[in-house]
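Containing compact mmCIF, C-alpha atoms and all ligand atoms: entry.txt.
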# COMPACT_ATOMS: atom_id res chain seq x y z
CA MET A 1 0.00 0.00 0.00
CA ASN A 2 1.19 3.52 -0.78
CA GLU A 3 0.88 4.81 2.78
CA LEU A 4 3.42 7.57 2.09
CA LEU A 5 2.15 8.63 -1.34
CA ASN A 6 2.92 12.32 -2.02
CA LYS A 7 4.85 12.63 1.24
CA ARG A 8 8.23 14.35 1.06
CA ILE A 9 10.84 13.04 3.43
CA VAL A 10 14.37 14.27 4.04
CA LEU A 11 16.39 11.23 5.10
CA GLY A 12 19.45 12.43 7.01
CA LEU A 13 22.38 10.14 7.82
CA SER A 14 24.88 10.98 10.53
CA GLY A 15 27.96 8.85 11.14
CA GLY A 16 27.56 5.35 12.51
CA ILE A 17 27.77 1.73 11.43
CA ALA A 18 23.95 1.69 11.31
CA CYS A 19 24.28 3.68 8.05
CA TYR A 20 24.07 0.31 6.30
CA LYS A 21 20.48 0.00 7.54
CA ALA A 22 19.68 3.46 6.09
CA ALA A 23 19.96 1.97 2.59
CA GLU A 24 17.16 -0.48 3.30
CA LEU A 25 15.17 2.24 5.05
CA CYS A 26 15.47 4.51 2.01
CA ARG A 27 14.19 1.70 -0.20
CA ALA A 28 11.27 1.02 2.15
CA LEU A 29 10.28 4.72 2.22
CA VAL A 30 10.38 4.93 -1.59
CA LYS A 31 8.39 1.70 -1.89
CA ALA A 32 5.73 3.17 0.41
CA GLY A 33 5.35 6.04 -2.07
CA ALA A 34 7.49 8.78 -0.46
CA GLN A 35 9.75 11.20 -2.32
CA VAL A 36 13.04 10.91 -0.47
CA GLN A 37 15.83 13.50 -0.42
CA VAL A 38 18.97 12.10 1.18
CA VAL A 39 21.33 14.39 3.12
CA MET A 40 24.56 12.95 4.58
CA THR A 41 27.11 14.31 7.04
CA GLN A 42 30.79 13.85 6.20
CA ALA A 43 31.00 11.17 8.88
CA ALA A 44 28.11 9.25 7.27
CA THR A 45 29.98 9.14 3.94
CA GLN A 46 32.71 7.15 5.73
CA PHE A 47 30.21 4.34 6.30
CA ILE A 48 28.14 4.25 3.09
CA THR A 49 28.57 6.06 -0.22
CA PRO A 50 26.31 8.82 -1.56
CA VAL A 51 26.23 6.78 -4.80
CA THR A 52 24.29 4.00 -3.07
CA MET A 53 21.88 6.46 -1.50
CA GLN A 54 21.39 8.35 -4.78
CA ALA A 55 20.58 5.12 -6.62
CA LEU A 56 18.06 4.06 -3.97
CA SER A 57 16.37 7.46 -3.59
CA ASN A 58 16.57 8.35 -7.28
CA GLN A 59 17.77 11.84 -6.28
CA PRO A 60 21.26 13.39 -6.04
CA VAL A 61 22.45 13.40 -2.42
CA PHE A 62 23.33 16.63 -0.58
CA GLU A 63 26.39 16.62 1.70
CA SER A 64 27.39 20.26 2.14
CA GLN A 65 25.87 23.61 2.99
CA TRP A 66 28.13 25.07 0.30
CA ASP A 67 26.61 22.89 -2.46
CA ALA A 68 26.21 25.26 -5.43
CA ARG A 69 23.43 23.29 -7.14
CA GLU A 70 20.73 25.37 -5.50
CA PRO A 71 20.37 28.66 -7.44
CA ASN A 72 20.17 30.73 -4.24
CA ASN A 73 22.74 28.50 -2.48
CA MET A 74 20.30 27.91 0.36
CA ALA A 75 19.80 24.16 0.43
CA HIS A 76 18.88 24.33 4.15
CA ILE A 77 15.84 26.46 3.28
CA ASN A 78 14.86 25.01 -0.09
CA LEU A 79 14.99 21.36 1.01
CA THR A 80 13.04 21.84 4.23
CA ARG A 81 10.14 24.07 3.14
CA GLN A 82 8.28 21.34 1.21
CA ALA A 83 9.28 18.44 3.47
CA ASP A 84 6.68 16.71 5.64
CA LEU A 85 9.35 15.23 7.83
CA ILE A 86 13.12 15.15 8.44
CA LEU A 87 14.15 11.67 9.53
CA VAL A 88 17.71 11.36 10.86
CA ALA A 89 18.62 7.66 10.75
CA PRO A 90 21.09 6.92 12.14
CA ALA A 91 21.18 9.77 14.66
CA SER A 92 24.57 9.46 16.40
CA ALA A 93 25.18 10.54 20.00
CA ASP A 94 27.32 13.40 18.71
CA PHE A 95 24.69 14.55 16.21
CA MET A 96 21.98 14.63 18.89
CA ALA A 97 24.30 16.56 21.24
CA LYS A 98 24.83 19.06 18.45
CA LEU A 99 21.10 19.46 17.73
CA LEU A 100 20.41 19.97 21.39
CA HIS A 101 22.55 23.10 21.39
CA GLY A 102 21.04 24.43 18.18
CA ARG A 103 24.38 24.19 16.42
CA ALA A 104 24.37 24.21 12.65
CA ASP A 105 27.86 23.80 11.21
CA ASP A 106 26.96 21.18 8.59
CA LEU A 107 24.03 20.92 6.17
CA LEU A 108 22.02 18.31 8.07
CA SER A 109 22.10 20.06 11.46
CA LEU A 110 21.48 23.36 9.68
CA MET A 111 18.36 21.87 8.08
CA CYS A 112 17.12 20.50 11.41
CA LEU A 113 17.46 23.98 12.93
CA ALA A 114 16.00 25.83 9.92
CA ARG A 115 13.01 23.54 9.37
CA PRO A 116 9.56 25.11 9.78
CA SER A 117 8.66 23.22 12.96
CA SER A 118 4.89 23.60 12.52
CA THR A 119 4.85 21.73 9.20
CA THR A 120 8.03 19.65 9.11
CA GLN A 121 8.37 17.10 11.89
CA LEU A 122 11.82 16.06 13.13
CA VAL A 123 12.30 12.35 13.81
CA LEU A 124 15.50 10.88 15.20
CA ALA A 125 16.40 7.18 15.12
CA PRO A 126 19.34 6.88 17.56
CA ALA A 127 22.13 4.36 17.00
CA MET A 128 25.13 3.90 19.26
CA ASN A 129 27.05 1.64 21.61
CA ARG A 130 25.19 0.58 24.78
CA GLU A 131 27.49 2.59 27.09
CA MET A 132 26.96 5.70 25.00
CA TRP A 133 23.18 5.14 25.00
CA SER A 134 23.00 4.71 28.78
CA HIS A 135 25.36 7.64 29.52
CA PRO A 136 23.63 10.39 31.55
CA ALA A 137 24.65 12.97 28.92
CA THR A 138 22.81 11.05 26.16
CA LYS A 139 19.78 10.50 28.40
CA ARG A 140 19.67 14.22 29.18
CA ASN A 141 20.00 15.11 25.50
CA VAL A 142 17.21 12.74 24.44
CA GLU A 143 14.89 14.14 27.08
CA GLN A 144 15.62 17.74 26.10
CA LEU A 145 15.28 17.01 22.37
CA ARG A 146 11.83 15.56 23.06
CA LEU A 147 10.89 18.67 25.05
CA ASP A 148 12.10 20.75 22.09
CA GLY A 149 9.61 18.92 19.84
CA ALA A 150 11.66 16.16 18.21
CA HIS A 151 10.29 12.62 18.00
CA VAL A 152 13.12 10.47 19.34
CA LEU A 153 12.37 6.85 18.42
CA GLY A 154 13.37 3.95 20.64
CA VAL A 155 16.37 1.72 20.09
CA GLY A 156 16.74 -2.00 19.54
CA SER A 157 18.59 -4.36 21.82
CA GLY A 158 21.02 -7.17 21.03
CA ASP A 159 24.46 -7.78 19.50
CA GLN A 160 26.29 -4.59 18.58
CA ALA A 161 28.86 -4.06 15.83
CA CYS A 162 31.52 -3.40 18.51
CA GLY A 163 31.03 -6.92 19.90
CA GLU A 164 29.08 -5.85 22.98
CA THR A 165 25.45 -6.70 23.68
CA GLY A 166 22.75 -4.33 24.94
CA ASP A 167 20.52 -1.36 24.09
CA GLY A 168 21.43 1.18 21.43
CA ARG A 169 21.07 -0.55 18.06
CA MET A 170 19.13 1.44 15.50
CA LEU A 171 15.59 0.08 14.95
CA GLU A 172 15.14 -2.05 11.83
CA ALA A 173 14.05 -0.35 8.60
CA ASP A 174 10.52 -1.74 8.80
CA GLU A 175 10.07 -0.57 12.39
CA ILE A 176 11.19 2.96 11.49
CA LEU A 177 8.90 2.90 8.43
CA GLN A 178 5.92 1.96 10.64
CA ASP A 179 6.71 4.79 13.07
CA VAL A 180 7.01 7.30 10.22
CA ILE A 181 3.68 6.18 8.69
CA CYS A 182 2.13 6.54 12.13
CA LEU A 183 3.47 10.09 12.56
CA LEU A 184 2.14 11.14 9.15
CA SER A 185 -1.30 9.49 9.44
CA PRO A 186 -4.50 11.44 10.17
CA LYS A 187 -5.30 11.19 13.86
CA ASP A 188 -9.07 10.85 13.60
CA LEU A 189 -9.15 8.07 16.23
CA GLN A 190 -6.97 9.91 18.76
CA GLY A 191 -8.04 9.06 22.29
CA LYS A 192 -10.33 6.21 21.18
CA ARG A 193 -9.84 2.72 22.62
CA LEU A 194 -10.33 -0.15 20.25
CA LEU A 195 -10.68 -3.82 21.09
CA LEU A 196 -10.66 -6.40 18.33
CA THR A 197 -10.45 -10.11 17.73
CA ALA A 198 -8.51 -11.70 14.87
CA GLY A 199 -7.41 -15.03 13.49
CA PRO A 200 -8.81 -18.53 13.93
CA THR A 201 -9.34 -20.32 17.23
CA PHE A 202 -8.00 -23.76 18.05
CA GLU A 203 -10.26 -26.09 20.00
CA ALA A 204 -8.35 -28.99 21.52
CA LEU A 205 -9.57 -32.56 21.03
CA ASP A 206 -6.59 -33.96 22.94
CA PRO A 207 -3.18 -32.46 23.86
CA VAL A 208 -1.94 -32.63 20.25
CA ARG A 209 -5.02 -32.46 18.00
CA GLY A 210 -7.79 -29.94 17.55
CA LEU A 211 -10.46 -28.22 15.48
CA THR A 212 -9.52 -25.01 13.70
CA ASN A 213 -10.11 -23.16 10.41
CA ARG A 214 -8.28 -21.44 7.56
CA SER A 215 -8.46 -17.84 8.85
CA SER A 216 -5.04 -16.15 8.48
CA GLY A 217 -5.76 -13.17 10.75
CA LYS A 218 -4.54 -10.74 8.05
CA MET A 219 -7.69 -8.57 8.01
CA GLY A 220 -7.82 -8.21 11.80
CA TYR A 221 -4.11 -7.40 12.04
CA ALA A 222 -4.47 -4.80 9.27
CA LEU A 223 -7.40 -3.19 11.16
CA ALA A 224 -5.33 -3.11 14.35
CA GLN A 225 -2.43 -1.45 12.53
CA SER A 226 -4.60 1.15 10.82
CA ALA A 227 -6.41 2.04 14.07
CA HIS A 228 -3.07 2.47 15.85
CA GLN A 229 -1.76 4.70 13.05
CA ARG A 230 -4.89 6.83 13.35
CA GLY A 231 -4.19 7.43 17.02
CA ALA A 232 -6.30 4.76 18.77
CA GLN A 233 -5.11 2.65 21.69
CA VAL A 234 -5.50 -0.87 20.38
CA VAL A 235 -5.92 -4.19 22.17
CA LEU A 236 -5.81 -7.12 19.76
CA VAL A 237 -7.08 -10.47 21.01
CA SER A 238 -5.50 -12.90 18.59
CA GLY A 239 -5.97 -16.58 17.94
CA PRO A 240 -2.96 -18.58 16.68
CA THR A 241 -1.43 -16.92 13.56
CA HIS A 242 2.06 -16.53 12.10
CA LEU A 243 1.67 -12.78 11.68
CA GLN A 244 3.89 -10.11 13.19
CA VAL A 245 2.07 -7.98 15.74
CA PRO A 246 1.89 -4.39 14.42
CA ARG A 247 4.12 -1.95 16.28
CA GLY A 248 2.36 -0.11 19.08
CA VAL A 249 -0.52 -2.61 19.30
CA ASN A 250 -1.10 -4.48 22.58
CA VAL A 251 -1.72 -8.12 21.86
CA ILE A 252 -3.33 -10.83 23.96
CA GLN A 253 -2.56 -14.23 22.47
CA VAL A 254 -5.25 -16.85 23.01
CA GLU A 255 -5.95 -20.28 21.62
CA SER A 256 -9.58 -21.28 22.13
CA GLY A 257 -12.92 -19.50 21.67
CA GLN A 258 -13.52 -19.59 25.42
CA GLN A 259 -10.17 -17.90 26.09
CA MET A 260 -10.96 -15.28 23.42
CA HIS A 261 -14.38 -14.67 25.00
CA HIS A 262 -12.79 -14.22 28.44
CA ALA A 263 -10.09 -11.83 27.15
CA VAL A 264 -12.68 -9.70 25.33
CA MET A 265 -15.04 -9.51 28.31
CA THR A 266 -12.14 -8.48 30.58
CA HIS A 267 -11.28 -5.50 28.35
CA LEU A 268 -14.75 -4.28 27.39
CA GLU A 269 -15.05 -1.68 30.11
CA GLU A 270 -12.07 0.28 28.80
CA SER A 271 -13.10 0.17 25.12
CA ASP A 272 -15.02 2.53 22.82
CA VAL A 273 -15.08 0.29 19.75
CA PHE A 274 -15.27 -3.50 19.43
CA ILE A 275 -14.52 -5.25 16.14
CA ALA A 276 -15.10 -9.00 15.91
CA CYS A 277 -12.91 -10.12 13.04
CA ALA A 278 -11.89 -13.55 14.36
CA ALA A 279 -13.20 -16.75 12.83
CA VAL A 280 -14.22 -18.31 16.13
CA ALA A 281 -14.81 -22.06 15.87
CA ASP A 282 -18.53 -22.63 16.28
CA TRP A 283 -18.06 -25.84 18.26
CA ARG A 284 -15.55 -27.35 20.66
CA ALA A 285 -15.22 -30.81 22.21
CA LEU A 286 -17.33 -31.03 25.36
CA GLU A 287 -14.62 -33.04 27.10
CA PRO A 288 -11.25 -32.91 25.35
CA ALA A 289 -9.05 -35.94 26.18
CA THR A 290 -6.30 -35.24 28.70
CA HIS A 291 -3.94 -37.77 27.06
CA LYS A 292 -3.12 -38.28 23.41
CA LEU A 293 -5.78 -40.58 21.96
CA LYS A 294 -4.30 -43.88 20.76
CA LYS A 295 -5.35 -45.83 17.72
CA ASN A 296 -6.72 -49.09 19.09
CA ASP A 297 -6.32 -52.49 17.43
CA LYS A 298 -9.69 -52.34 15.73
CA GLN A 299 -8.90 -48.89 14.31
CA THR A 300 -12.25 -47.63 15.59
CA PRO A 301 -12.18 -43.85 15.23
CA PRO A 302 -13.05 -41.95 18.39
CA THR A 303 -16.23 -39.93 18.61
CA PHE A 304 -16.51 -36.52 20.23
CA GLU A 305 -19.50 -34.81 21.70
CA LEU A 306 -19.40 -31.18 20.56
CA THR A 307 -20.81 -28.14 22.30
CA ALA A 308 -21.31 -24.58 21.03
CA ASN A 309 -18.67 -21.94 21.72
CA PRO A 310 -19.81 -18.63 23.19
CA ASP A 311 -20.84 -16.12 20.50
CA ILE A 312 -18.49 -13.30 21.46
CA LEU A 313 -19.95 -10.63 19.16
CA ALA A 314 -23.55 -11.35 20.20
CA ALA A 315 -22.54 -11.30 23.89
CA VAL A 316 -20.72 -7.97 23.50
CA CYS A 317 -23.65 -6.40 21.63
CA LYS A 318 -25.93 -7.36 24.54
CA CYS A 319 -23.71 -5.86 27.26
CA GLU A 320 -24.91 -2.74 29.02
CA LYS A 321 -22.21 -0.54 27.55
CA ALA A 322 -23.20 -1.48 23.99
CA LEU A 323 -26.94 -1.19 24.72
CA SER A 324 -26.45 2.31 26.15
CA GLY A 325 -24.65 3.40 22.97
CA LYS A 326 -21.19 3.74 24.56
CA LEU A 327 -19.61 0.90 22.57
CA PHE A 328 -19.59 0.84 18.77
CA CYS A 329 -19.76 -2.82 17.64
CA VAL A 330 -18.65 -4.13 14.27
CA GLY A 331 -18.82 -7.74 13.08
CA PHE A 332 -17.85 -9.65 9.97
CA ALA A 333 -19.88 -12.07 7.89
CA ALA A 334 -17.97 -14.53 5.74
CA GLU A 335 -20.46 -16.06 3.33
CA THR A 336 -20.26 -18.23 0.26
CA GLU A 337 -23.45 -16.86 -1.37
CA ASN A 338 -26.30 -14.31 -0.89
CA LEU A 339 -23.83 -11.93 0.73
CA GLU A 340 -26.07 -8.89 1.16
CA GLN A 341 -29.06 -10.78 2.52
CA ASN A 342 -26.95 -12.89 4.89
CA ALA A 343 -25.06 -9.84 6.15
CA LYS A 344 -28.33 -7.96 6.80
CA THR A 345 -29.73 -10.92 8.72
CA LYS A 346 -26.53 -11.09 10.77
CA LEU A 347 -26.72 -7.35 11.56
CA GLU A 348 -30.09 -7.94 13.21
CA ARG A 349 -29.30 -11.27 14.81
CA LYS A 350 -26.09 -10.04 16.45
CA GLY A 351 -27.26 -6.51 17.27
CA ALA A 352 -24.08 -4.87 15.90
CA GLN A 353 -23.95 -1.33 14.41
CA VAL A 354 -22.12 -2.60 11.33
CA ILE A 355 -21.56 -5.91 9.59
CA LEU A 356 -18.77 -6.16 7.02
CA GLY A 357 -19.74 -8.84 4.56
CA ASN A 358 -17.22 -10.69 2.44
CA LEU A 359 -17.15 -13.84 0.36
CA ALA A 360 -15.18 -16.59 2.11
CA GLN A 361 -13.65 -17.78 -1.17
CA ASN A 362 -12.34 -14.24 -1.86
CA THR A 363 -10.68 -13.66 1.49
CA LEU A 364 -9.36 -16.76 3.27
CA GLY A 365 -5.55 -16.57 3.37
CA ARG A 366 -5.44 -13.82 0.70
CA ASP A 367 -3.86 -10.37 0.84
CA ASP A 368 -6.78 -8.67 -0.91
CA ASN A 369 -10.55 -8.71 -0.51
CA THR A 370 -13.78 -6.80 -1.24
CA LEU A 371 -16.06 -5.69 1.60
CA LEU A 372 -19.74 -4.89 1.82
CA TRP A 373 -20.52 -2.34 4.56
CA VAL A 374 -24.00 -3.04 5.97
CA ASP A 375 -25.61 -0.85 8.63
CA ALA A 376 -29.07 0.45 9.57
CA LYS A 377 -28.82 3.17 6.88
CA GLY A 378 -28.03 0.84 4.01
CA THR A 379 -25.27 -0.88 2.15
CA PHE A 380 -22.19 0.10 0.14
CA GLU A 381 -19.25 -1.75 -1.31
CA ILE A 382 -15.63 -1.08 -0.39
CA PRO A 383 -14.08 -2.21 -3.68
CA ASN A 384 -11.37 -4.83 -4.11
CA ASN A 385 -8.06 -3.73 -2.60
CA THR A 386 -5.27 -4.93 -0.31
CA LYS A 387 -6.41 -5.78 3.21
CA ALA A 388 -4.25 -2.88 4.46
CA ALA A 389 -6.12 -0.42 2.21
CA LEU A 390 -9.51 -1.91 3.12
CA ALA A 391 -8.65 -1.69 6.81
CA ASP A 392 -7.74 1.96 6.40
CA GLU A 393 -11.07 2.72 4.70
CA VAL A 394 -13.00 0.81 7.39
CA MET A 395 -11.22 2.75 10.17
CA LYS A 396 -11.90 6.03 8.36
CA GLN A 397 -15.61 5.18 8.14
CA ILE A 398 -15.71 4.21 11.84
CA ALA A 399 -13.93 7.44 12.83
CA GLN A 400 -16.52 9.47 10.91
CA ARG A 401 -19.36 7.76 12.76
CA LEU A 402 -17.73 8.28 16.15
CA SER A 403 -17.10 11.99 15.65
O1 LIG A 501 -22.55 -16.07 11.79
P1 LIG A 501 -21.32 -15.95 12.59
O2 LIG A 501 -21.57 -16.26 14.03
O3 LIG A 501 -20.17 -16.75 12.02
O4 LIG A 501 -20.91 -14.39 12.52
C1 LIG A 501 -19.63 -13.94 12.32
C2 LIG A 501 -19.29 -12.78 13.20
O5 LIG A 501 -19.46 -13.12 14.57
C3 LIG A 501 -17.83 -12.40 13.10
O6 LIG A 501 -17.70 -11.01 13.37
C4 LIG A 501 -17.17 -13.21 14.19
O7 LIG A 501 -15.95 -12.64 14.64
C5 LIG A 501 -18.24 -13.18 15.27
N1 LIG A 501 -18.27 -14.39 16.09
C6 LIG A 501 -17.94 -14.31 17.43
N2 LIG A 501 -18.02 -15.43 18.22
C7 LIG A 501 -18.41 -16.61 17.71
C8 LIG A 501 -18.76 -16.71 16.34
C9 LIG A 501 -18.67 -15.57 15.56
O8 LIG A 501 -17.56 -13.22 17.90
N3 LIG A 501 -18.47 -17.67 18.50

Hey, can you dump this file as structure tokens for me?
Amino acid sequence: MNELLNKRIVLGLSGGIACYKAAELCRALVKAGAQVQVVMTQAATQFITPVTMQALSNQPVFESQWDAREPNNMAHINLTRQADLILVAPASADFMAKLLHGRADDLLSLMCLARPSSTTQLVLAPAMNREMWSHPATKRNVEQLRLDGAHVLGVGSGDQACGETGDGRMLEADEILQDVICLLSPKDLQGKRLLLTAGPTFEALDPVRGLTNRSSGKMGYALAQSAHQRGAQVVLVSGPTHLQVPRGVNVIQVESGQQMHHAVMTHLEESDVFIACAAVADWRALEPATHKLKKNDKQTPPTFELTANPDILAAVCKCEKALSGKLFCVGFAAETENLEQNAKTKLERKGAQVILGNLAQNTLGRDDNTLLWVDAKGTFEIPNNTKAALADEVMKQIAQRLS
């Protein structure tokens, strides 16, 4: 998805071994649709060449405040006036110390100081040795830079290039990309608390076998990510999936429908929106075996008595908070035919404000889908797109109805 389409980003590199990650970051920003202007300090050019960064950004790199390419010779003004964001990655300890004092003796620090702070955000992705990161001087500088309006991102932990292990590694390119998308997203869900379920459930038959379904969890995870980017606090109750939890989203991992039901009910009080996206197994074994079931000599297959799982969405829609209009409830309907009619019936049966209908054969395990929005006012289609783009449209529609 082109989350950064038409966004202009100045990617600044100060000196540090993490400059090698800036190449991948540049690529990720361009892939997300951003126009990227790379600016490097002299120290950064010791670690990675401007040629690499020019090739990846498709723009000549700026390294000096004396660069004569700008007709007025004011690169620090010209390059910052149109930018949505200056991202310094890596931001070295020395570079942050310099910014803190408002010094501007190279092009990148000059640009950070000269940027119009109301329209061009400053984002720093620190990278340094663990001792440097934990030094009181660095801690002081980070705190003051935040007070001065910069967004100082966190750091990663683990093996460092110097051979030591600890905090101070620069975040990975994808993590920085997610944080940048978040900073540039509309904040129409700011202050809202969203609870959602995603993925399949797994209902044990014995300690190694169980009943489950083909849900990948992709739609629910995309909704969680979009809501977080739009400013919501998100709690994601997830069944077993192989997906990476979106940055900034609180996840509660569960296995069975009963566990999912319990987790949802525990968090309802502190939620404004509930979205039931999970494919909860309709039935579970009444008495799952406590030991692995053995094949007996006659090869007689075992039989299981099944019982219904709790209907989480229906239960939530009946709770006092939902009935008094303080909880906006959204459900999904995966159908194989008669989508509109089935979705309308489900809207009534569950008591939700919205049902998002989709055809099971068009969504299970896929990265794209088409949705039918069904509510009391009527029906409209959200046309075929990636699940990320669909999620963004759904969250936009929800935000409009909450405002
Ligand atoms: O008709 P069905 O019960 O499958 O409706 C699907 C909707 O209900 C989905 O939003 C799904 O997440 C939710 N659901 C639930 N708990 C169940 C079954 C379905 O929350 N036990």

Exercise: residues within 12 Å of coordinate (22.6, 13.0, -7.6), counting all atoms listed in the file, as a compact mmCIF listing (two decimals) with C-alpha atoms, in the frame of the given file:
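Saved as part_37.txt:
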# COMPACT_ATOMS: atom_id res chain seq x y z
CA GLN A 37 15.83 13.50 -0.42
CA VAL A 38 18.97 12.10 1.18
CA VAL A 39 21.33 14.39 3.12
CA THR A 49 28.57 6.06 -0.22
CA PRO A 50 26.31 8.82 -1.56
CA VAL A 51 26.23 6.78 -4.80
CA THR A 52 24.29 4.00 -3.07
CA MET A 53 21.88 6.46 -1.50
CA GLN A 54 21.39 8.35 -4.78
CA ALA A 55 20.58 5.12 -6.62
CA LEU A 56 18.06 4.06 -3.97
CA SER A 57 16.37 7.46 -3.59
CA ASN A 58 16.57 8.35 -7.28
CA GLN A 59 17.77 11.84 -6.28
CA PRO A 60 21.26 13.39 -6.04
CA VAL A 61 22.45 13.40 -2.42
CA PHE A 62 23.33 16.63 -0.58
CA GLU A 63 26.39 16.62 1.70
CA ASP A 67 26.61 22.89 -2.46
CA ARG A 69 23.43 23.29 -7.14

With the cut-off set at 6 Å and counting all atoms listed in the file, tabulate each residue of chain A with an atom at most that distance from an atom of ligand LIG 501 (chain A), showing the nearest atom pair and its distance in Å to one decimal, ordered by chain and increasing number, as JSON lines.
{"residue": "A:Ala276", "atom": "CA", "partner": "A:LIG501", "partner_atom": "O7", "distance": 3.9}
{"residue": "A:Cys277", "atom": "CA", "partner": "A:LIG501", "partner_atom": "O7", "distance": 4.3}
{"residue": "A:Ala278", "atom": "CA", "partner": "A:LIG501", "partner_atom": "O7", "distance": 4.2}
{"residue": "A:Ala279", "atom": "CA", "partner": "A:LIG501", "partner_atom": "O7", "distance": 5.3}
{"residue": "A:Val280", "atom": "CA", "partner": "A:LIG501", "partner_atom": "C7", "distance": 4.8}
{"residue": "A:Asp282", "atom": "CA", "partner": "A:LIG501", "partner_atom": "N3", "distance": 5.4}
{"residue": "A:Asn309", "atom": "CA", "partner": "A:LIG501", "partner_atom": "N3", "distance": 5.4}
{"residue": "A:Pro310", "atom": "CA", "partner": "A:LIG501", "partner_atom": "N3", "distance": 5.0}
{"residue": "A:Asp311", "atom": "CA", "partner": "A:LIG501", "partner_atom": "N3", "distance": 3.5}
{"residue": "A:Ile312", "atom": "CA", "partner": "A:LIG501", "partner_atom": "O8", "distance": 3.7}
{"residue": "A:Leu313", "atom": "CA", "partner": "A:LIG501", "partner_atom": "O8", "distance": 3.7}
{"residue": "A:Gly331", "atom": "CA", "partner": "A:LIG501", "partner_atom": "O6", "distance": 3.5}
{"residue": "A:Phe332", "atom": "CA", "partner": "A:LIG501", "partner_atom": "O6", "distance": 3.7}
{"residue": "A:Ala333", "atom": "CA", "partner": "A:LIG501", "partner_atom": "C1", "distance": 4.8}

query = Which one is closest to A:Pro90: A:Ala22, A:Leu223, A:Ala161, A:Ala104? Count only C-alpha atoms.
reply = A:Ala22

request  = For atom CA of A:Ser271 and atom CA of A:Arg366, determine how far apart the two atoms are, in Å to one decimal place.
outcome  = 29.2 Å

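Atom CA of A:Gly168 is positioned 5.6 Å from atom CA of A:Trp133.
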
Option closest in space to A:Ile181, from A:Val251, A:Leu29, A:Leu306, A:Ile77 [counting only C-alpha atoms] = A:Leu29
